[in-house]
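Q: TSV, C-alpha atoms, saved as structure-v7.tsv, coming up:
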```tsv
chain	number	residue	atom	x	y	z
B	1	MET	CA	24.26	1.84	21.80
B	2	LYS	CA	26.92	-0.76	21.01
B	3	ILE	CA	28.72	-0.46	17.67
B	4	ILE	CA	30.65	-3.40	16.18
B	5	LYS	CA	32.92	-2.27	13.34
B	6	LEU	CA	34.15	-4.81	10.82
B	7	ASP	CA	36.59	-4.26	7.96
B	8	ALA	CA	34.76	-6.68	5.69
B	9	ILE	CA	31.88	-9.16	5.99
B	10	ASP	CA	29.58	-11.00	3.62
B	11	SER	CA	26.40	-9.54	5.16
B	12	THR	CA	25.92	-7.44	8.28
B	13	ASN	CA	22.35	-8.74	8.59
B	14	SER	CA	23.53	-12.36	8.56
B	15	PHE	CA	26.31	-11.59	11.05
B	16	LEU	CA	23.93	-9.82	13.45
B	17	LYS	CA	21.23	-12.48	13.17
B	18	ASP	CA	23.76	-15.21	13.95
B	19	LEU	CA	25.10	-13.19	16.87
B	20	SER	CA	21.60	-12.76	18.33
B	21	VAL	CA	21.03	-16.51	18.19
B	22	LYS	CA	24.32	-17.36	19.89
B	23	SER	CA	24.34	-14.65	22.58
B	24	LYS	CA	22.33	-11.90	24.21
B	25	VAL	CA	22.39	-8.79	22.05
B	26	ASP	CA	21.63	-5.34	23.45
B	27	ASP	CA	18.88	-3.22	21.95
B	28	PHE	CA	20.18	-1.02	19.11
B	29	THR	CA	23.40	-2.95	18.70
B	30	VAL	CA	24.88	-1.85	15.37
B	31	VAL	CA	27.14	-3.85	13.07
B	32	VAL	CA	28.82	-1.65	10.45
B	33	THR	CA	31.34	-2.64	7.81
B	34	SER	CA	33.58	-0.87	5.33
B	35	SER	CA	33.09	-3.62	2.76
B	36	GLN	CA	30.08	-5.91	2.37
B	37	THR	CA	30.54	-8.68	-0.20
B	38	LEU	CA	27.05	-10.19	-0.20
B	39	GLY	CA	24.77	-7.30	0.71
B	40	ARG	CA	21.10	-8.10	0.20
B	41	GLY	CA	18.07	-6.01	-0.66
B	42	GLN	CA	14.37	-6.77	-0.89
B	43	MET	CA	13.39	-10.10	-2.51
B	44	ASN	CA	17.03	-11.30	-2.56
B	45	THR	CA	18.25	-8.47	-4.78
B	46	LYS	CA	21.90	-7.50	-4.38
B	47	TRP	CA	23.03	-4.26	-2.73
B	48	GLU	CA	26.26	-2.92	-4.22
B	49	SER	CA	28.49	-0.42	-2.43
B	50	GLU	CA	32.05	0.82	-2.94
B	51	ALA	CA	34.24	-0.13	0.03
B	52	GLY	CA	34.91	2.66	2.50
B	53	LYS	CA	32.67	5.17	0.73
B	54	ASN	CA	29.22	4.41	2.04
B	55	LEU	CA	27.27	3.18	5.04
B	56	THR	CA	26.44	-0.51	5.14
B	57	PHE	CA	25.18	-1.59	8.54
B	58	SER	CA	22.55	-3.49	10.48
B	59	VAL	CA	20.70	-2.62	13.67
B	60	PHE	CA	19.22	-5.04	16.23
B	61	ILE	CA	15.89	-3.79	17.59
B	62	LYS	CA	13.97	-5.39	20.44
B	63	LEU	CA	10.23	-5.00	19.98
B	64	GLU	CA	8.68	-6.33	23.18
B	65	LYS	CA	6.13	-8.57	21.46
B	66	LEU	CA	4.89	-6.34	18.69
B	67	HIS	CA	1.91	-8.14	17.15
B	68	ILE	CA	2.68	-9.46	13.68
B	69	GLU	CA	-0.31	-7.54	12.31
B	70	ALA	CA	1.54	-4.31	13.17
B	71	GLN	CA	4.65	-5.10	11.10
B	72	THR	CA	3.65	-2.52	8.46
B	73	TYR	CA	4.00	0.17	11.12
B	74	LEU	CA	7.50	-1.11	11.84
B	75	ASN	CA	8.32	-0.48	8.19
B	76	PHE	CA	6.77	2.99	8.45
B	77	ALA	CA	8.90	3.82	11.50
B	78	ILE	CA	12.14	2.71	9.86
B	79	ALA	CA	11.49	4.36	6.48
B	80	VAL	CA	10.49	7.64	8.13
B	81	SER	CA	13.63	7.53	10.28
B	82	LEU	CA	15.86	7.31	7.23
B	83	PHE	CA	13.92	10.05	5.48
B	84	GLU	CA	14.28	12.34	8.50
B	85	ALA	CA	17.99	11.63	8.91
B	86	LEU	CA	18.73	12.36	5.24
B	87	SER	CA	16.47	15.39	5.00
B	88	LYS	CA	19.03	17.47	6.95
B	89	TYR	CA	21.23	17.44	3.83
B	90	GLU	CA	18.55	19.27	1.82
B	91	LEU	CA	18.47	16.64	-0.90
B	92	PRO	CA	16.07	17.54	-3.73
B	93	LYS	CA	12.71	15.76	-4.00
B	94	LEU	CA	13.51	13.38	-1.14
B	95	ALA	CA	10.84	10.69	-0.83
B	96	VAL	CA	10.13	7.15	0.35
B	97	LYS	CA	9.44	4.81	-2.55
B	98	TRP	CA	7.16	2.02	-1.34
B	99	PRO	CA	7.92	0.03	0.63
B	100	ASN	CA	11.12	1.59	1.98
B	101	ASP	CA	13.64	2.78	-0.60
B	102	ILE	CA	14.73	6.39	-0.15
B	103	LEU	CA	14.92	8.45	-3.33
B	104	SER	CA	16.32	11.84	-4.16
B	105	ASP	CA	15.05	13.30	-7.41
B	106	ARG	CA	13.83	9.82	-8.41
B	107	LYS	CA	17.22	8.17	-7.87
B	108	LYS	CA	17.91	5.62	-5.14
B	109	ILE	CA	20.08	6.82	-2.29
B	110	CYS	CA	19.18	4.30	0.42
B	111	GLY	CA	17.88	0.76	0.69
B	112	ILE	CA	16.43	-1.07	3.69
B	113	LEU	CA	16.00	-4.78	4.48
B	114	ILE	CA	13.95	-5.77	7.55
B	115	GLU	CA	14.19	-9.32	8.88
B	116	ASN	CA	11.96	-10.19	11.83
B	117	SER	CA	12.27	-12.87	14.49
B	118	LEU	CA	8.83	-14.23	15.37
B	119	LYS	CA	7.43	-16.06	18.35
B	120	GLY	CA	3.85	-17.10	17.87
B	121	PHE	CA	1.89	-14.05	16.70
B	122	TYR	CA	4.50	-11.58	17.86
B	123	ILE	CA	7.66	-9.98	16.51
B	124	GLU	CA	10.22	-10.22	19.29
B	125	SER	CA	13.05	-8.48	17.46
B	126	SER	CA	14.17	-7.20	14.09
B	127	VAL	CA	17.48	-6.97	12.30
B	128	VAL	CA	17.33	-3.93	10.03
B	129	GLY	CA	19.88	-3.78	7.24
B	130	ILE	CA	20.53	-0.31	5.84
B	131	GLY	CA	22.65	0.82	2.93
B	132	VAL	CA	23.17	4.53	2.31
B	133	ASN	CA	25.12	5.89	-0.65
B	134	VAL	CA	27.15	8.62	1.03
B	135	ASN	CA	30.50	9.41	-0.61
B	136	GLN	CA	30.60	7.18	-3.69
B	137	ASP	CA	31.47	9.18	-6.81
B	138	TYR	CA	30.57	6.76	-9.59
B	139	PHE	CA	28.11	3.91	-10.04
B	140	THR	CA	28.28	1.15	-12.64
B	141	GLU	CA	26.01	1.04	-15.66
B	142	ALA	CA	24.16	-1.74	-13.87
B	143	LEU	CA	22.95	0.88	-11.38
B	144	PRO	CA	21.67	3.72	-13.59
B	145	ASN	CA	19.26	4.97	-10.94
B	146	ALA	CA	21.70	5.09	-8.00
B	147	VAL	CA	23.00	8.33	-6.49
B	148	SER	CA	25.02	9.35	-3.44
B	149	ILE	CA	24.74	12.31	-1.10
B	150	LYS	CA	28.12	13.51	-2.37
B	151	ASN	CA	26.90	13.36	-5.98
B	152	ILE	CA	24.15	15.80	-5.04
B	153	ILE	CA	25.71	18.25	-2.59
B	154	ASN	CA	29.33	17.92	-3.81
B	155	GLU	CA	30.56	17.43	-0.26
B	156	GLU	CA	32.18	14.44	1.43
B	157	LEU	CA	30.51	13.51	4.70
B	158	ASP	CA	31.79	11.81	7.83
B	159	LEU	CA	30.23	8.35	7.85
B	160	ASP	CA	30.07	8.13	11.65
B	161	THR	CA	28.12	11.40	11.81
B	162	VAL	CA	25.57	10.17	9.28
B	163	LEU	CA	25.27	6.86	11.14
B	164	LYS	CA	24.68	8.62	14.46
B	165	SER	CA	21.89	10.73	12.97
B	166	ILE	CA	20.16	7.67	11.53
B	167	ILE	CA	20.30	5.77	14.83
B	168	GLU	CA	18.95	8.78	16.75
B	169	ASN	CA	15.96	8.99	14.42
B	170	LEU	CA	15.42	5.24	14.60
B	171	LYS	CA	15.32	5.33	18.38
B	172	LYS	CA	12.81	8.18	18.35
B	173	ASN	CA	10.42	6.47	15.94
B	174	ILE	CA	10.72	3.01	17.49
B	175	VAL	CA	9.52	4.64	20.74
B	176	LEU	CA	6.42	5.79	18.83
B	177	LEU	CA	5.97	2.23	17.55
B	178	LYS	CA	6.24	0.72	21.03
B	179	GLU	CA	3.79	3.32	22.32
B	180	LYS	CA	1.42	2.18	19.53
B	181	LYS	CA	1.29	5.61	17.91
B	182	PHE	CA	0.32	3.82	14.72
B	183	SER	CA	-1.80	6.58	13.20
B	184	LEU	CA	1.02	9.09	13.62
B	185	LEU	CA	3.55	6.78	11.96
B	186	GLU	CA	1.18	6.14	9.07
B	187	GLU	CA	0.55	9.86	8.64
B	188	GLN	CA	4.29	10.62	8.61
B	189	TYR	CA	4.95	7.86	6.09
B	190	LEU	CA	2.18	8.85	3.69
B	191	GLN	CA	3.29	12.48	3.77
B	192	VAL	CA	6.61	11.53	2.17
B	193	LEU	CA	5.47	8.59	0.02
B	194	TYR	CA	6.74	8.84	-3.56
B	195	LYS	CA	4.04	9.62	-6.17
B	196	LYS	CA	1.20	9.56	-3.63
B	197	ASN	CA	-1.94	11.03	-5.26
B	198	VAL	CA	0.00	11.72	-8.46
B	199	PRO	CA	-1.38	10.09	-11.67
B	200	SER	CA	1.41	7.78	-12.84
B	201	MET	CA	2.16	4.92	-15.22
B	202	PHE	CA	2.71	1.46	-13.76
B	203	LYS	CA	3.46	-2.02	-15.07
B	204	ASN	CA	2.29	-5.29	-13.52
B	205	THR	CA	3.88	-8.75	-13.61
B	206	GLN	CA	2.09	-9.52	-16.91
B	207	ASN	CA	3.82	-6.47	-18.45
B	208	VAL	CA	0.48	-4.68	-18.71
B	209	ILE	CA	0.94	-0.92	-18.52
B	210	PHE	CA	-1.76	1.06	-16.75
B	211	MET	CA	-2.47	4.49	-15.33
B	212	GLY	CA	-3.30	4.97	-11.66
B	213	LYS	CA	-2.38	6.85	-8.54
B	214	ILE	CA	-1.09	5.66	-5.19
B	215	ILE	CA	-3.57	6.42	-2.44
B	216	GLY	CA	-2.04	4.56	0.49
B	217	VAL	CA	-0.80	1.31	2.00
B	218	ASN	CA	-2.97	-1.42	3.49
B	219	THR	CA	-1.67	-1.50	7.06
B	220	SER	CA	-2.86	-5.07	7.65
B	221	ASN	CA	-0.78	-6.59	4.86
B	222	GLY	CA	1.60	-3.82	3.70
B	223	LYS	CA	0.31	-3.86	0.13
B	224	LEU	CA	0.37	-0.74	-2.04
B	225	GLN	CA	-3.07	0.67	-2.85
B	226	ILE	CA	-3.52	2.11	-6.36
B	227	ALA	CA	-6.70	3.80	-7.54
B	228	PHE	CA	-7.71	3.63	-11.20
B	229	GLU	CA	-9.50	6.17	-13.37
B	230	ASP	CA	-12.80	4.31	-12.86
B	231	GLU	CA	-12.34	4.82	-9.08
B	232	THR	CA	-11.70	1.13	-8.39
B	233	ILE	CA	-8.78	0.26	-6.12
B	234	SER	CA	-6.32	-2.62	-6.39
B	235	GLU	CA	-3.61	-3.74	-4.00
B	236	PHE	CA	-0.15	-4.89	-5.03
B	237	ASP	CA	2.50	-6.81	-3.13
B	238	LEU	CA	6.25	-6.34	-3.48
B	239	LYS	CA	7.47	-6.97	-7.07
B	240	GLU	CA	3.87	-7.16	-8.36
B	241	VAL	CA	3.98	-3.63	-9.72
B	242	SER	CA	6.69	-1.26	-10.93
B	243	PHE	CA	6.89	2.40	-11.84
B	244	LEU	CA	7.49	3.55	-15.40
```
For this file, write the structure as structure tokens.

A:
Amino acid sequence: MKIIKLDAIDSTNSFLKDLSVKSKVDDFTVVVTSSQTLGRGQMNTKWESEAGKNLTFSVFIKLEKLHIEAQTYLNFAIAVSLFEALSKYELPKLAVKWPNDILSDRKKICGILIENSLKGFYIESSVVGIGVNVNQDYFTEALPNAVSIKNIINEELDLDTVLKSIIENLKKNIVLLKEKKFSLLEEQYLQVLYKKNVPSMFKNTQNVIFMGKIIGVNTSNGKLQIAFEDETISEFDLKEVSFL
């Protein structure tokens, strides 16, 4: 594993993607920075992190022509890896919020951004951006649902140790992905999926509030499956539904 450490950068994902275009990049090359000025989340949202307090990094993963139809399993593998790495800190009510945020007691502790390089019908590689709130003490009012590991366990952690644990879990689960252990990855993901089989309130893009329960994820398109009281099932894409 090659680790590139930068004091500051606009985006580790952008840096690593550019590097992979210009030169040969080894599998599981990691770019980590103390300060990321233009960190990105899902759907172009911004990821904020106090310099030197948290983990902001990207990982280059070679996928040996993973069929594009299996990209949901890639998400499963990455989300489960982060869940497993953070579970060692005994964080309360740790869960994966679809598609791949990591929550502790309903507050966001980790975000993930996956950007794939395609060739035909195959994913040749991925750049996986990961932000983990580790040692940050305070979050702005703009982030009322953010929390750090230190906030919860009242202990400052070594960032390199946390990074190493995450990469070890990523390597393990990417092996499962390459071996096409898709059912196992899906099972592991659904076991830790936030609010699965729990009646909950949701809101759609038309601001309509409804009751339903998450029953799974459509593995062909990655959409969230929600069952209604009348036993019908609807599927929702990213940003098409939110929790209340």

Q: Here is a test: counting only C-alpha atoms, which residue of B:Glu64, B:Glu235, B:Glu115, B:Glu156 is nearest to Asn221 (chain B)?

A: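 Closest residue, counting only C-alpha atoms: B:Glu235.
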
Q: Quick one: residues within 8 Å of (29.6, 0.7, 3.7) (file frame), counting all atoms listed in the file, please, as a PyMOL selection string.

A: chain B and resi 32-36+49-57+131-132

Q: Taking only C-alpha atoms into account, name the residue in B:Leu63, B:Leu118, B:Leu163, B:Val147 that is nearest to Leu82 (chain B).

A: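 Distance minimum relative to Leu82 (chain B) lands on B:Leu163.
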
Q: Between B:Val134, B:Val128, B:Ile123, B:Ala95, which is the closest to Val80 (chain B) once you count all atoms listed in the file?

A: B:Ala95

Q: I'd like a table as CSV: residues in region 90-182 of chain B with an atom no more than 9 Å from region 8-27 of chain B, each row giving the shortest atom pair and its distance in Å to one decimal, all atoms listed in the file counted, sorted by chain and rising residue number.

A:
```
residue,atom,partner,partner_atom,distance
B:Leu113,CA,B:Asn13,CA,8.5
B:Ile114,CA,B:Asn13,CA,9.0
B:Glu115,CA,B:Asn13,CA,8.2
B:Ser126,CA,B:Lys17,CA,8.9
B:Val127,CA,B:Asn13,CA,6.4
B:Val128,CA,B:Asn13,CA,7.1
B:Gly129,CA,B:Asn13,CA,5.7
```

Q: What would the file look like if the residues just selected were written as a PDB file, in the frame of the given file with C-alpha atoms?

A:
```
ATOM      1  CA  LEU B 113      16.000  -4.780   4.480  1.00  0.00           C
ATOM      2  CA  ILE B 114      13.950  -5.770   7.550  1.00  0.00           C
ATOM      3  CA  GLU B 115      14.190  -9.320   8.880  1.00  0.00           C
ATOM      4  CA  SER B 126      14.170  -7.200  14.090  1.00  0.00           C
ATOM      5  CA  VAL B 127      17.480  -6.970  12.300  1.00  0.00           C
ATOM      6  CA  VAL B 128      17.330  -3.930  10.030  1.00  0.00           C
ATOM      7  CA  GLY B 129      19.880  -3.780   7.240  1.00  0.00           C
TER       8      GLY B 129
END
```

Q: Between B:Lys171, B:Arg106, B:Lys97, B:Lys180, which is the closest to Ala70 (chain B) once you count only C-alpha atoms?

A: B:Lys180

Q: What's the separation between CA of Ser165 (chain B) and CA of Tyr89 (chain B), in Å to one decimal place?

A: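 Here the two named atoms are 11.4 Å from each other.
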
Q: Could you please give me, as a VMD selection string, the residues of protein, DNA or RNA lying at most 12 Å from (0.6, 0.0, -18.8) in the coordinate frame of the file, considering all atoms listed in the file?

A: chain B and resid 200 to 212 228 241 to 244

Q: When distances are computed from all atoms listed in the file, which of B:Tyr194, B:Lys62, B:Ser117, B:Ile68 shows the smallest separation from Asp101 (chain B)?

A: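 The closest residue to Asp101 (chain B) is B:Tyr194.
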
Q: To one decimal place in Å, what is the distance between CA of Gln191 (chain B) and CA of Gly216 (chain B)?

A: 10.1 Å

Q: Have a look at B:Ile174, B:Leu184, B:Leu238, B:Ile102 and name the one nearest to Ala146 (chain B); count all atoms listed in the file.

A: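 Distance minimum relative to Ala146 (chain B) lands on B:Ile102.
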
Q: If you measure from CA of Val59 (chain B) to CA of Glu168 (chain B), what distance in Å do you get, rounded to one decimal?

A: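 Those two atoms sit 11.9 Å apart.
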
Q: Box time for region 235-238 of chain B: axis-aligned, enclosing all its listed atoms, 8 Å extra on each side; report centre and edge lengths in Å to one decimal, as JSON.

A:
```
{"center_x": 1.3, "center_y": -5.3, "center_z": -4.1, "size_x": 25.9, "size_y": 19.1, "size_z": 17.9}
```

Q: May I ask you to restore all heavy atoms in region 117-128 of chain B and write the result as a PDB file, in the coordinates of the input?

A:
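The file below, result.pdb, is the result:
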```pdb
ATOM      1  N   SER B 117      12.276 -11.613  13.750  1.00  0.00           N
ATOM      2  CA  SER B 117      12.270 -12.870  14.490  1.00  0.00           C
ATOM      3  C   SER B 117      10.912 -12.987  15.189  1.00  0.00           C
ATOM      4  O   SER B 117      10.537 -12.105  15.968  1.00  0.00           O
ATOM      5  CB  SER B 117      13.389 -12.899  15.530  1.00  0.00           C
ATOM      6  OG  SER B 117      14.644 -12.923  14.892  1.00  0.00           O
ATOM      7  N   LEU B 118      10.196 -14.064  14.881  1.00  0.00           N
ATOM      8  CA  LEU B 118       8.830 -14.230  15.370  1.00  0.00           C
ATOM      9  C   LEU B 118       8.747 -15.274  16.477  1.00  0.00           C
ATOM     10  O   LEU B 118       9.530 -16.223  16.518  1.00  0.00           O
ATOM     11  CB  LEU B 118       7.904 -14.653  14.225  1.00  0.00           C
ATOM     12  CG  LEU B 118       7.912 -13.794  12.956  1.00  0.00           C
ATOM     13  CD1 LEU B 118       6.960 -14.376  11.917  1.00  0.00           C
ATOM     14  CD2 LEU B 118       7.537 -12.358  13.274  1.00  0.00           C
ATOM     15  N   LYS B 119       7.793 -15.065  17.354  1.00  0.00           N
ATOM     16  CA  LYS B 119       7.430 -16.060  18.350  1.00  0.00           C
ATOM     17  C   LYS B 119       5.927 -16.050  18.465  1.00  0.00           C
ATOM     18  O   LYS B 119       5.342 -15.095  18.976  1.00  0.00           O
ATOM     19  CB  LYS B 119       8.090 -15.753  19.705  1.00  0.00           C
ATOM     20  CG  LYS B 119       7.884 -16.884  20.722  1.00  0.00           C
ATOM     21  CD  LYS B 119       8.693 -16.643  21.989  1.00  0.00           C
ATOM     22  CE  LYS B 119       8.550 -17.811  22.950  1.00  0.00           C
ATOM     23  NZ  LYS B 119       9.353 -17.617  24.184  1.00  0.00           N
ATOM     24  N   GLY B 120       5.303 -17.093  17.921  1.00  0.00           N
ATOM     25  CA  GLY B 120       3.850 -17.100  17.870  1.00  0.00           C
ATOM     26  C   GLY B 120       3.347 -15.988  16.953  1.00  0.00           C
ATOM     27  O   GLY B 120       3.761 -15.868  15.799  1.00  0.00           O
ATOM     28  N   PHE B 121       2.456 -15.149  17.480  1.00  0.00           N
ATOM     29  CA  PHE B 121       1.890 -14.050  16.700  1.00  0.00           C
ATOM     30  C   PHE B 121       2.621 -12.732  16.928  1.00  0.00           C
ATOM     31  O   PHE B 121       2.096 -11.678  16.582  1.00  0.00           O
ATOM     32  CB  PHE B 121       0.403 -13.884  17.074  1.00  0.00           C
ATOM     33  CG  PHE B 121      -0.452 -15.054  16.681  1.00  0.00           C
ATOM     34  CD1 PHE B 121      -0.904 -15.945  17.639  1.00  0.00           C
ATOM     35  CD2 PHE B 121      -0.777 -15.274  15.354  1.00  0.00           C
ATOM     36  CE1 PHE B 121      -1.691 -17.031  17.286  1.00  0.00           C
ATOM     37  CE2 PHE B 121      -1.563 -16.355  14.989  1.00  0.00           C
ATOM     38  CZ  PHE B 121      -2.029 -17.241  15.954  1.00  0.00           C
ATOM     39  N   TYR B 122       3.812 -12.817  17.492  1.00  0.00           N
ATOM     40  CA  TYR B 122       4.500 -11.580  17.860  1.00  0.00           C
ATOM     41  C   TYR B 122       5.891 -11.492  17.216  1.00  0.00           C
ATOM     42  O   TYR B 122       6.558 -12.500  16.991  1.00  0.00           O
ATOM     43  CB  TYR B 122       4.641 -11.478  19.378  1.00  0.00           C
ATOM     44  CG  TYR B 122       3.316 -11.385  20.090  1.00  0.00           C
ATOM     45  CD1 TYR B 122       2.692 -12.529  20.577  1.00  0.00           C
ATOM     46  CD2 TYR B 122       2.677 -10.153  20.240  1.00  0.00           C
ATOM     47  CE1 TYR B 122       1.458 -12.440  21.212  1.00  0.00           C
ATOM     48  CE2 TYR B 122       1.442 -10.072  20.877  1.00  0.00           C
ATOM     49  CZ  TYR B 122       0.835 -11.216  21.348  1.00  0.00           C
ATOM     50  OH  TYR B 122      -0.381 -11.122  21.959  1.00  0.00           O
ATOM     51  N   ILE B 123       6.295 -10.255  16.950  1.00  0.00           N
ATOM     52  CA  ILE B 123       7.660  -9.980  16.510  1.00  0.00           C
ATOM     53  C   ILE B 123       8.465  -9.635  17.754  1.00  0.00           C
ATOM     54  O   ILE B 123       8.178  -8.634  18.416  1.00  0.00           O
ATOM     55  CB  ILE B 123       7.697  -8.798  15.520  1.00  0.00           C
ATOM     56  CG1 ILE B 123       6.800  -9.070  14.312  1.00  0.00           C
ATOM     57  CG2 ILE B 123       9.130  -8.547  15.054  1.00  0.00           C
ATOM     58  CD1 ILE B 123       6.650  -7.872  13.390  1.00  0.00           C
ATOM     59  N   GLU B 124       9.418 -10.462  18.084  1.00  0.00           N
ATOM     60  CA  GLU B 124      10.220 -10.220  19.290  1.00  0.00           C
ATOM     61  C   GLU B 124      11.385  -9.274  19.020  1.00  0.00           C
ATOM     62  O   GLU B 124      11.777  -8.496  19.881  1.00  0.00           O
ATOM     63  CB  GLU B 124      10.726 -11.538  19.850  1.00  0.00           C
ATOM     64  CG  GLU B 124       9.614 -12.408  20.433  1.00  0.00           C
ATOM     65  CD  GLU B 124      10.114 -13.297  21.544  1.00  0.00           C
ATOM     66  OE1 GLU B 124      11.227 -13.835  21.404  1.00  0.00           O
ATOM     67  OE2 GLU B 124       9.402 -13.442  22.548  1.00  0.00           O
ATOM     68  N   SER B 125      11.934  -9.357  17.809  1.00  0.00           N
ATOM     69  CA  SER B 125      13.050  -8.480  17.460  1.00  0.00           C
ATOM     70  C   SER B 125      13.156  -8.380  15.951  1.00  0.00           C
ATOM     71  O   SER B 125      12.583  -9.187  15.211  1.00  0.00           O
ATOM     72  CB  SER B 125      14.366  -9.010  18.049  1.00  0.00           C
ATOM     73  OG  SER B 125      14.682 -10.265  17.479  1.00  0.00           O
ATOM     74  N   SER B 126      13.912  -7.377  15.515  1.00  0.00           N
ATOM     75  CA  SER B 126      14.170  -7.200  14.090  1.00  0.00           C
ATOM     76  C   SER B 126      15.648  -6.894  13.873  1.00  0.00           C
ATOM     77  O   SER B 126      16.278  -6.231  14.702  1.00  0.00           O
ATOM     78  CB  SER B 126      13.341  -6.047  13.521  1.00  0.00           C
ATOM     79  OG  SER B 126      12.010  -6.439  13.307  1.00  0.00           O
ATOM     80  N   VAL B 127      16.163  -7.383  12.776  1.00  0.00           N
ATOM     81  CA  VAL B 127      17.480  -6.970  12.300  1.00  0.00           C
ATOM     82  C   VAL B 127      17.226  -6.141  11.047  1.00  0.00           C
ATOM     83  O   VAL B 127      16.664  -6.633  10.064  1.00  0.00           O
ATOM     84  CB  VAL B 127      18.393  -8.165  11.992  1.00  0.00           C
ATOM     85  CG1 VAL B 127      19.685  -7.694  11.321  1.00  0.00           C
ATOM     86  CG2 VAL B 127      18.715  -8.927  13.281  1.00  0.00           C
ATOM     87  N   VAL B 128      17.611  -4.876  11.110  1.00  0.00           N
ATOM     88  CA  VAL B 128      17.330  -3.930  10.030  1.00  0.00           C
ATOM     89  C   VAL B 128      18.624  -3.612   9.299  1.00  0.00           C
ATOM     90  O   VAL B 128      19.532  -2.999   9.863  1.00  0.00           O
ATOM     91  CB  VAL B 128      16.690  -2.644  10.584  1.00  0.00           C
ATOM     92  CG1 VAL B 128      16.360  -1.684   9.437  1.00  0.00           C
ATOM     93  CG2 VAL B 128      15.435  -2.966  11.391  1.00  0.00           C
TER      94      VAL B 128
END
```
